[in-house]
>>> print(open('entry21.txt').read())   # compact mmCIF, C-alpha atoms
# COMPACT_ATOMS: atom_id res chain seq x y z
CA MET A 61 95.78 91.74 103.03
CA GLY A 62 98.12 94.66 102.47
CA SER A 63 101.82 94.00 101.86
CA LEU A 64 102.58 96.27 104.83
CA ARG A 65 100.27 96.27 107.83
CA VAL A 66 100.80 98.49 110.87
CA GLU A 67 98.69 98.13 114.00
CA LYS A 68 98.50 100.62 116.88
CA LEU A 69 101.98 102.07 116.40
CA SER A 70 102.88 104.42 119.25
CA VAL A 71 106.17 106.24 119.82
CA ALA A 72 107.21 108.35 122.79
CA TYR A 73 110.12 110.79 122.98
CA ARG A 74 112.06 111.45 126.14
CA THR A 75 112.06 114.99 127.54
CA SER A 76 113.91 116.29 130.59
CA ARG A 77 110.93 115.39 132.79
CA HIS A 78 109.06 112.50 131.18
CA LEU A 79 108.18 110.63 128.00
CA VAL A 80 105.71 112.31 125.64
CA ARG A 81 103.79 110.53 122.89
CA ALA A 82 104.79 111.63 119.39
CA VAL A 83 102.62 109.00 117.66
CA SER A 84 99.53 107.43 119.22
CA ASP A 85 97.89 104.18 118.09
CA VAL A 86 98.38 104.70 114.35
CA SER A 87 97.15 101.85 112.15
CA PHE A 88 97.14 101.49 108.36
CA SER A 89 97.68 98.99 105.57
CA VAL A 90 99.52 99.50 102.27
CA GLU A 91 98.18 97.23 99.56
CA ARG A 92 100.30 95.68 96.84
CA GLY A 93 100.63 97.96 93.84
CA LYS A 94 99.26 100.97 95.75
CA ILE A 95 100.62 104.21 97.20
CA LEU A 96 99.44 105.20 100.66
CA ALA A 97 100.30 108.71 101.79
CA LEU A 98 100.70 110.05 105.31
CA TRP A 99 99.59 113.69 105.12
CA GLY A 100 100.04 116.37 107.75
CA HIS A 101 101.99 119.41 108.86
CA SER A 102 105.69 119.26 109.72
CA GLY A 103 106.01 117.63 113.13
CA CYS A 104 102.78 115.60 112.92
CA GLY A 105 104.61 112.25 113.15
CA LYS A 106 105.17 111.22 109.52
CA SER A 107 108.95 110.88 109.73
CA THR A 108 108.73 109.30 113.19
CA ILE A 109 106.54 106.54 111.75
CA MET A 110 109.03 105.96 108.92
CA LYS A 111 111.98 105.77 111.31
CA ALA A 112 110.13 103.45 113.68
CA LEU A 113 109.29 101.05 110.85
CA LEU A 114 112.92 101.07 109.66
CA GLY A 115 114.30 100.40 113.13
CA LEU A 116 116.18 103.70 113.28
CA PRO A 117 116.95 105.02 116.79
CA LEU A 118 114.58 107.80 117.81
CA ASP A 119 116.45 109.78 120.47
CA ASP A 120 116.01 107.04 123.05
CA PRO A 121 112.22 106.81 122.74
CA GLY A 122 109.84 104.48 124.49
CA TRP A 123 107.94 102.64 121.79
CA VAL A 124 104.84 102.12 123.89
CA GLY A 125 102.97 99.80 121.56
CA GLY A 126 102.33 98.52 118.09
CA GLN A 127 103.58 96.00 115.59
CA ALA A 128 104.11 95.76 111.84
CA TRP A 129 103.98 92.94 109.29
CA PHE A 130 105.25 92.68 105.72
CA ASN A 131 103.58 90.05 103.55
CA GLY A 132 102.21 88.51 106.73
CA GLU A 133 105.60 88.21 108.47
CA PRO A 134 106.49 90.37 111.52
CA VAL A 135 109.00 93.15 110.87
CA SER A 136 108.95 94.59 114.38
CA PRO A 137 109.33 92.96 117.79
CA ILE A 138 106.45 92.80 120.23
CA ALA A 139 107.03 96.10 122.01
CA ASP A 140 105.56 95.01 125.34
CA ASN A 141 108.35 92.47 125.70
CA TYR A 142 110.83 95.33 126.01
CA ILE A 143 108.84 97.78 128.13
CA ALA A 144 108.26 97.86 131.88
CA HIS A 145 105.38 100.04 133.06
CA LYS A 146 105.78 101.65 136.47
CA GLN A 147 103.04 102.86 138.76
CA ASP A 148 104.01 106.50 138.24
CA GLY A 149 103.32 106.16 134.52
CA SER A 150 106.95 106.32 133.38
CA ILE A 151 108.48 103.70 131.15
CA ARG A 152 111.78 101.87 131.25
CA LYS A 153 112.66 100.52 127.82
CA ASP A 154 115.27 97.96 126.79
CA SER A 155 116.19 100.02 123.72
CA LEU A 156 119.26 98.01 122.80
CA GLY A 157 117.46 94.68 122.94
CA PHE A 158 114.49 96.05 121.03
CA TYR A 159 116.56 97.51 118.19
CA ARG A 160 118.77 94.42 117.93
CA GLN A 161 115.72 92.23 117.45
CA GLN A 162 114.15 94.65 114.97
CA GLN A 163 117.34 94.84 112.91
CA LYS A 164 117.44 91.04 112.85
CA LEU A 165 113.91 90.99 111.41
CA LEU A 166 114.65 93.75 108.90
CA LYS A 167 118.13 92.68 107.76
CA PRO A 168 116.95 90.38 104.91
CA LEU A 169 114.67 93.15 103.62
CA LEU A 170 116.53 96.46 103.80
CA GLY A 171 118.12 97.45 100.52
CA VAL A 172 116.65 94.38 98.80
CA SER A 173 112.85 94.19 98.84
CA TRP A 174 112.57 97.28 101.08
CA ARG A 175 113.88 100.54 99.67
CA THR A 176 114.00 103.93 101.38
CA VAL A 177 114.30 107.56 100.32
CA LEU A 178 114.46 109.69 103.46
CA GLN A 179 114.81 113.40 104.18
CA GLU A 180 118.22 115.13 104.12
CA PRO A 181 119.28 113.24 100.97
CA ILE A 182 122.88 114.51 101.07
CA TYR A 183 123.45 112.65 104.34
CA SER A 184 121.96 109.41 103.05
CA PHE A 185 125.35 108.78 101.42
CA GLU A 186 128.83 108.32 102.88
CA MET A 187 130.93 111.48 102.81
CA SER A 188 134.28 109.97 101.90
CA ARG A 189 133.34 107.72 98.99
CA LEU A 190 132.69 108.69 95.40
CA MET A 191 129.02 108.59 94.50
CA ASP A 192 129.65 106.25 91.59
CA VAL A 193 131.25 103.69 93.94
CA GLN A 194 128.42 103.98 96.47
CA VAL A 195 125.77 103.45 93.80
CA ARG A 196 127.52 100.38 92.41
CA ASN A 197 127.96 98.88 95.88
CA SER A 198 124.29 99.42 96.67
CA ILE A 199 123.20 97.75 93.44
CA ARG A 200 125.54 94.81 94.12
CA HIS A 201 123.83 94.39 97.49
CA MET A 202 120.47 94.23 95.73
CA THR A 203 121.72 91.46 93.43
CA ASN A 204 123.79 89.42 95.92
CA ASN A 205 126.78 90.05 93.63
CA GLY A 206 125.20 88.41 90.57
CA LYS A 207 127.09 89.97 87.63
CA GLY A 208 124.46 89.64 84.91
CA ARG A 209 121.79 90.98 87.20
CA PHE A 210 124.11 93.80 88.30
CA ASP A 211 124.67 94.96 84.73
CA ALA A 212 120.92 94.99 84.08
CA LEU A 213 120.15 96.99 87.22
CA LEU A 214 122.99 99.44 86.58
CA GLY A 215 121.54 100.02 83.12
CA GLU A 216 118.10 100.59 84.64
CA PHE A 217 119.59 103.02 87.14
CA SER A 218 121.36 104.91 84.35
CA SER A 219 118.06 105.16 82.45
CA TYR A 220 116.23 106.62 85.46
CA LEU A 221 119.11 109.00 86.09
CA GLU A 222 119.01 110.35 82.54
CA LYS A 223 115.25 110.96 82.83
CA LEU A 224 116.08 113.01 85.94
CA ASP A 225 118.72 114.99 84.01
CA LEU A 226 121.84 113.33 85.47
CA THR A 227 124.36 110.78 84.15
CA LEU A 228 126.62 108.08 85.57
CA ASP A 229 129.67 109.94 84.25
CA TYR A 230 128.68 112.95 86.35
CA LEU A 231 128.97 110.84 89.53
CA GLU A 232 132.42 109.38 88.85
CA ASP A 233 134.54 112.07 90.51
CA ARG A 234 132.10 113.56 93.02
CA VAL A 235 131.22 112.90 96.66
CA ASN A 236 127.89 113.79 98.23
CA LEU A 237 128.96 117.20 99.56
CA GLN A 238 129.87 118.26 96.02
CA LEU A 239 126.28 117.72 94.93
CA SER A 240 123.12 119.67 95.66
CA GLY A 241 120.30 118.30 97.79
CA GLY A 242 118.17 117.93 94.67
CA GLU A 243 120.88 115.95 92.87
CA CYS A 244 121.30 113.60 95.85
CA GLN A 245 117.55 113.16 96.01
CA ARG A 246 117.41 112.22 92.33
CA ILE A 247 120.28 109.75 92.72
CA GLY A 248 118.68 108.14 95.77
CA LEU A 249 115.31 107.85 94.06
CA ALA A 250 116.77 106.33 90.87
CA MET A 251 118.90 103.87 92.85
CA ASN A 252 116.01 102.63 94.97
CA LEU A 253 113.63 102.14 92.05
CA VAL A 254 115.76 99.59 90.19
CA GLY A 255 114.86 95.92 90.13
CA ASN A 256 111.71 94.63 91.80
CA PRO A 257 111.30 96.25 95.21
CA GLY A 258 108.36 95.02 97.25
CA LEU A 259 107.99 98.13 99.38
CA MET A 260 109.32 101.65 99.10
CA LEU A 261 109.27 104.09 102.02
CA VAL A 262 109.68 107.65 100.80
CA ASP A 263 109.75 110.69 103.06
CA GLU A 264 109.20 113.98 101.20
CA PRO A 265 110.80 112.45 98.06
CA THR A 266 110.82 115.55 95.81
CA THR A 267 111.14 118.53 98.17
CA ALA A 268 114.63 119.45 96.94
CA MET A 269 113.69 119.21 93.25
CA ASP A 270 112.48 121.95 90.94
CA ASN A 271 108.91 121.72 89.63
CA GLN A 272 109.79 120.19 86.26
CA THR A 273 112.02 117.51 87.79
CA ARG A 274 109.39 116.82 90.46
CA GLN A 275 106.81 116.06 87.77
CA VAL A 276 109.21 113.67 86.05
CA ALA A 277 110.04 111.96 89.36
CA ASN A 278 106.36 111.51 90.21
CA GLN A 279 105.71 110.01 86.79
CA ILE A 280 108.61 107.57 87.21
CA ILE A 281 107.30 106.45 90.60
CA ARG A 282 103.75 105.90 89.29
CA GLU A 283 105.02 103.95 86.28
CA LYS A 284 107.21 101.75 88.48
CA VAL A 285 104.31 100.99 90.83
CA LYS A 286 102.12 100.05 87.87
CA SER A 287 104.73 97.87 86.16
CA SER A 288 106.19 96.12 89.21
CA GLY A 289 103.30 95.99 91.69
CA MET A 290 105.45 97.41 94.48
CA SER A 291 103.82 99.15 97.44
CA VAL A 292 104.74 102.66 98.50
CA LEU A 293 104.41 104.39 101.87
CA LEU A 294 104.74 108.11 101.18
CA ALA A 295 105.13 110.86 103.77
CA SER A 296 104.41 114.36 102.51
CA HIS A 297 102.96 117.72 103.46
CA ASN A 298 102.76 118.83 99.81
CA ARG A 299 99.21 118.68 98.49
CA ASP A 300 100.17 118.58 94.81
CA GLU A 301 102.53 115.66 95.43
CA LEU A 302 99.71 113.75 97.09
CA LEU A 303 97.33 114.54 94.23
CA ALA A 304 99.92 113.23 91.75
CA LEU A 305 100.92 110.06 93.59
CA ALA A 306 98.59 108.80 96.32
CA ASP A 307 95.92 106.13 95.95
CA SER A 308 94.80 106.54 99.55
CA ILE A 309 95.57 109.08 102.26
CA VAL A 310 95.90 108.93 106.05
CA VAL A 311 95.73 112.35 107.70
CA LEU A 312 97.85 112.81 110.83
CA CYS A 313 97.40 115.60 113.35
CA SER A 314 99.77 115.70 116.34
CA GLY A 315 100.59 112.03 115.93
CA GLU A 316 96.97 110.82 115.65
CA VAL A 317 94.91 109.64 112.68
CA VAL A 318 92.00 112.03 112.23
CA GLU A 319 90.91 110.91 108.75
CA ARG A 320 91.55 108.36 106.03
CA PHE A 321 90.14 108.28 102.49
CA ASP A 322 90.76 107.20 98.90
CA ARG A 323 92.43 109.88 96.83
CA LYS A 324 89.71 109.66 94.15
CA ILE A 325 87.02 111.10 96.44
CA MET A 326 88.91 114.41 96.61
CA ASP A 327 87.75 115.11 93.05
CA GLY A 328 84.02 114.86 93.68
CA THR A 329 83.44 115.55 97.37
CA ASP A 330 82.63 118.90 98.96
CA VAL A 331 85.62 120.02 101.01
CA ASN A 332 83.26 120.70 103.94
CA ALA A 333 82.69 116.94 104.26
CA PHE A 334 86.29 116.50 105.39
CA HIS A 335 87.85 116.98 108.83
CA PRO A 336 88.49 120.67 109.69
CA TYR A 337 92.20 119.92 109.93
CA THR A 338 92.19 118.28 106.48
CA ARG A 339 90.47 121.38 105.10
CA LYS A 340 93.30 123.51 106.48
CA LEU A 341 95.84 121.27 104.76
CA TRP A 342 93.76 121.25 101.58
CA PHE A 343 93.86 125.00 101.12
CA SER A 344 97.58 125.25 101.81
CA PHE A 345 99.82 124.39 98.85
CA ASP A 346 102.58 123.32 101.21
CA ALA A 347 101.68 122.37 104.78
CA GLY A 348 105.22 122.67 106.06
CA GLU A 349 104.39 125.93 107.81
CA ILE A 350 101.08 124.76 109.31
CA SER A 351 101.06 124.04 113.01
CA ALA A 352 98.60 122.17 115.16
CA ARG A 353 99.19 123.09 118.76
CA GLY A 354 97.78 119.98 120.37
CA ALA A 355 100.64 118.88 122.61
CA GLY A 356 101.40 115.22 123.07
CA ALA A 357 100.20 113.70 126.32
CA GLU A 358 102.56 112.21 128.85
CA VAL A 359 102.95 108.46 128.60
CA GLY A 360 100.89 106.88 131.34
CA SER A 361 98.05 109.39 130.97
CA PRO A 362 95.38 109.03 128.27
CA LYS A 363 95.23 111.53 125.41
CA LYS A 364 92.01 113.48 125.66
CA GLY A 365 89.93 115.11 122.99
CA CYS A 366 90.59 115.96 119.38
CA PRO A 367 94.21 117.02 118.68
CA PHE A 368 92.95 119.89 116.51
CA VAL A 369 90.45 121.36 118.99
CA ARG A 370 92.52 124.47 119.84
CA GLU A 371 92.72 125.45 116.16
CA CYS A 372 89.32 124.21 114.96
CA PRO A 373 87.04 127.02 113.69
CA ILE A 374 83.91 124.87 114.10
CA ALA A 375 84.58 124.05 117.76
CA GLY A 376 85.66 127.64 118.35
CA ALA A 377 82.24 128.89 117.32
CA ASP A 378 80.29 126.52 119.59
CA SER A 379 81.18 126.43 123.29
CA VAL A 380 79.26 123.21 123.97
CA LEU A 381 80.90 121.42 121.06
CA ARG A 382 84.30 122.79 122.02
CA GLU A 383 83.95 121.38 125.52
CA LYS A 384 83.07 117.97 124.12
CA CYS A 385 85.91 118.06 121.57
CA ALA A 386 88.40 118.97 124.30
CA ALA A 387 87.26 116.28 126.74
CA GLN A 388 86.34 113.28 124.56
CA LYS A 389 88.50 111.71 121.89
CA PRO A 390 86.45 111.05 118.72
CA GLU A 391 86.78 107.61 117.13
CA LEU A 392 87.18 107.00 113.41
CA ARG A 393 83.73 106.48 111.88
CA ALA A 394 82.85 105.43 108.35
CA VAL A 395 81.33 108.09 106.12
CA SER A 396 81.46 105.66 103.21
CA GLY A 397 83.48 102.64 102.22
CA ASP A 398 86.26 104.96 101.06
CA HIS A 399 86.18 107.52 103.85
CA GLU A 400 86.65 107.47 107.64
CA ILE A 401 86.71 110.53 109.87
CA ALA A 402 87.17 111.27 113.57
CA CYS A 403 85.24 114.46 114.27
CA TRP A 404 82.45 115.28 116.74
CA ALA A 405 81.35 118.26 114.62
CA LEU A 406 80.55 115.99 111.67
CA GLU A 407 79.16 113.11 113.72
CA GLY A 408 75.56 113.74 112.63
CA GLU A 409 76.53 113.47 108.98
CA GLN A 410 78.18 110.05 109.41
CA LYS A 411 76.10 106.99 108.64
>>> encode(input="entry21.txt", output="structure tokens")
Amino acid sequence: MGSLRVEKLSVAYRTSRHLVRAVSDVSFSVERGKILALWGHSGCGKSTIMKALLGLPLDDPGWVGGQAWFNGEPVSPIADNYIAHKQDGSIRKDSLGFYRQQQKLLKPLLGVSWRTVLQEPIYSFEMSRLMDVQVRNSIRHMTNNGKGRFDALLGEFSSYLEKLDLTLDYLEDRVNLQLSGGECQRIGLAMNLVGNPGLMLVDEPTTAMDNQTRQVANQIIREKVKSSGMSVLLASHNRDELLALADSIVVLCSGEVVERFDRKIMDGTDVNAFHPYTRKLWFSFDAGEISARGAGAEVGSPKKGCPFVRECPIAGADSVLREKCAAQKPELRAVSGDHEIACWALEGEQK
């Protein structure tokens, strides 16, 4: 059993007229000592999944389903207990009650066995406090104020920081707004790697770093996973980052899983054996500019078809296939033990 297990996670955002699904029935498991990557274009739902798992408010969404477990224990409330479905398909959600219960479940974990490195690293820190003070307070929280343990973790933090070309002395008289995004990202990464985290959630962890520092950061993460056995959930649209870090990959298109596979099969498998959307990501160094125009369906109405059908070159060349892809949602099917794909165009090749 994976250390983190997510089943049928769905998130809906409120618009002026209705709720629209941003994430639909996403399931995955992150095994101990492994890195699972969520791969997809900007806006595909990666950050939404991270925020939902961490209990962060999502612009008053309706979380329409799903649950998560860490080491077999629930880390999210049962969503249906906080949702009332109406006949018109709209949803009334007890957001306050839901988030209070989720924070209660997460409180013993956050900052201790769960660590997070999210986007906008500058704003992950308080604006009025010196960075040195914030780092020390965070490490004290990890140790429950145990002095000997604190000194050891501070030394470990300093070691990581030096590998990333920063020092503790550099932080003593600076606040976050006096640092660059890349510097804040390095500080956040070093701080969250110390000790023995059980799970690390990292959202685009090296985007603000230069190439040389990115390589060092990726190496530090891999070494920590190997030495400590921690699990990592990584969200990225950068192909090279995935190649350097991921053990397995879940491909998201417009909030839906269209493919999942072990990273190792990317080295020996013909690219044409992958989902057309994955191929588009594959040949783009950075998928931040890629769009998939499949709009989210209103909550209360089923999502139809493949989310990539409007952009798919295979469906575009076959009117019969295109009609099927637009009307019927393909299910994930096993190509092999290491590869699942949801694609009508490749259905005949799946055994």
>>> atom_distance(input="entry21.txt", atom1="atom CA of A:Glu133", atom2="atom CA of A:Phe88")
15.7 Å
>>> atom_distance(input="entry21.txt", atom1="atom CA of A:Ile247", atom2="atom CA of A:Asn271")
16.8 Å
>>> atom_distance(input="entry21.txt", atom1="atom CA of A:Tyr159", atom2="atom CA of A:Leu113")
10.9 Å
>>> residues_around(input="entry21.txt", residues="A:Cys104", least_positions_apart="4", cutoff="9 Å", atoms="only C-alpha atoms", output="list in words")
Ala82, Val83, Trp99, Gly100, Thr108, Leu312, Cys313, Ser314, Gly315, Glu316, Ser351 and Ala352 of chain A
>>> closest_residue(input="entry21.txt", among="A:Asn278, A:Ser396, A:Thr267, A:Ser184", to="A:Cys244", atoms="all atoms listed in the file")
A:Ser184
>>> residues_near_point(input="entry21.txt", point="(90.9, 115.7, 120.8)", cutoff="10 Å", atoms="only C-alpha atoms", output="PDB file with C-alpha atoms, keeping the file's coordinate frame")
ATOM      1  CA  CYS A 313      97.400 115.600 113.350  1.00  0.00           C
ATOM      2  CA  SER A 314      99.770 115.700 116.340  1.00  0.00           C
ATOM      3  CA  GLU A 316      96.970 110.820 115.650  1.00  0.00           C
ATOM      4  CA  VAL A 318      92.000 112.030 112.230  1.00  0.00           C
ATOM      5  CA  GLY A 354      97.780 119.980 120.370  1.00  0.00           C
ATOM      6  CA  LYS A 363      95.230 111.530 125.410  1.00  0.00           C
ATOM      7  CA  LYS A 364      92.010 113.480 125.660  1.00  0.00           C
ATOM      8  CA  GLY A 365      89.930 115.110 122.990  1.00  0.00           C
ATOM      9  CA  CYS A 366      90.590 115.960 119.380  1.00  0.00           C
ATOM     10  CA  PRO A 367      94.210 117.020 118.680  1.00  0.00           C
ATOM     11  CA  PHE A 368      92.950 119.890 116.510  1.00  0.00           C
ATOM     12  CA  VAL A 369      90.450 121.360 118.990  1.00  0.00           C
ATOM     13  CA  ARG A 370      92.520 124.470 119.840  1.00  0.00           C
ATOM     14  CA  ARG A 382      84.300 122.790 122.020  1.00  0.00           C
ATOM     15  CA  LYS A 384      83.070 117.970 124.120  1.00  0.00           C
ATOM     16  CA  CYS A 385      85.910 118.060 121.570  1.00  0.00           C
ATOM     17  CA  ALA A 386      88.400 118.970 124.300  1.00  0.00           C
ATOM     18  CA  ALA A 387      87.260 116.280 126.740  1.00  0.00           C
ATOM     19  CA  GLN A 388      86.340 113.280 124.560  1.00  0.00           C
ATOM     20  CA  LYS A 389      88.500 111.710 121.890  1.00  0.00           C
ATOM     21  CA  PRO A 390      86.450 111.050 118.720  1.00  0.00           C
ATOM     22  CA  GLU A 391      86.780 107.610 117.130  1.00  0.00           C
ATOM     23  CA  ALA A 402      87.170 111.270 113.570  1.00  0.00           C
ATOM     24  CA  CYS A 403      85.240 114.460 114.270  1.00  0.00           C
ATOM     25  CA  TRP A 404      82.450 115.280 116.740  1.00  0.00           C
TER      26      TRP A 404
END
>>> decode(input="entry21.txt", residues="stretch 272-284 of chain A", atoms="N, CA and C atoms", output="JSON list (two decimals), in the first residue's frame")
[["chain", "number", "residue", "atom", "x", "y", "z"],
["A", 272, "GLN", "N", 21.89, 25.21, -13.55],
["A", 272, "GLN", "CA", 22.89, 24.54, -12.71],
["A", 272, "GLN", "C", 22.33, 24.26, -11.32],
["A", 273, "THR", "N", 21.65, 25.25, -10.72],
["A", 273, "THR", "CA", 21.07, 25.06, -9.40],
["A", 273, "THR", "C", 19.95, 24.03, -9.45],
["A", 274, "ARG", "N", 19.19, 24.01, -10.53],
["A", 274, "ARG", "CA", 18.11, 23.03, -10.68],
["A", 274, "ARG", "C", 18.67, 21.61, -10.66],
["A", 275, "GLN", "N", 19.79, 21.40, -11.32],
["A", 275, "GLN", "CA", 20.39, 20.06, -11.33],
["A", 275, "GLN", "C", 20.83, 19.65, -9.93],
["A", 276, "VAL", "N", 21.40, 20.60, -9.19],
["A", 276, "VAL", "CA", 21.82, 20.30, -7.82],
["A", 276, "VAL", "C", 20.61, 19.99, -6.95],
["A", 277, "ALA", "N", 19.55, 20.79, -7.09],
["A", 277, "ALA", "CA", 18.33, 20.58, -6.30],
["A", 277, "ALA", "C", 17.72, 19.21, -6.59],
["A", 278, "ASN", "N", 17.66, 18.84, -7.86],
["A", 278, "ASN", "CA", 17.11, 17.53, -8.22],
["A", 278, "ASN", "C", 17.94, 16.39, -7.62],
["A", 279, "GLN", "N", 19.25, 16.56, -7.63],
["A", 279, "GLN", "CA", 20.13, 15.54, -7.06],
["A", 279, "GLN", "C", 19.92, 15.42, -5.55],
["A", 280, "ILE", "N", 19.74, 16.55, -4.87],
["A", 280, "ILE", "CA", 19.51, 16.54, -3.42],
["A", 280, "ILE", "C", 18.20, 15.82, -3.11],
["A", 281, "ILE", "N", 17.16, 16.10, -3.88],
["A", 281, "ILE", "CA", 15.87, 15.44, -3.65],
["A", 281, "ILE", "C", 15.98, 13.94, -3.84],
["A", 282, "ARG", "N", 16.62, 13.50, -4.93],
["A", 282, "ARG", "CA", 16.76, 12.06, -5.18],
["A", 282, "ARG", "C", 17.56, 11.38, -4.07],
["A", 283, "GLU", "N", 18.62, 12.01, -3.63],
["A", 283, "GLU", "CA", 19.44, 11.42, -2.57],
["A", 283, "GLU", "C", 18.67, 11.32, -1.26],
["A", 284, "LYS", "N", 17.84, 12.34, -0.97],
["A", 284, "LYS", "CA", 17.06, 12.31, 0.26],
["A", 284, "LYS", "C", 16.00, 11.21, 0.21]]
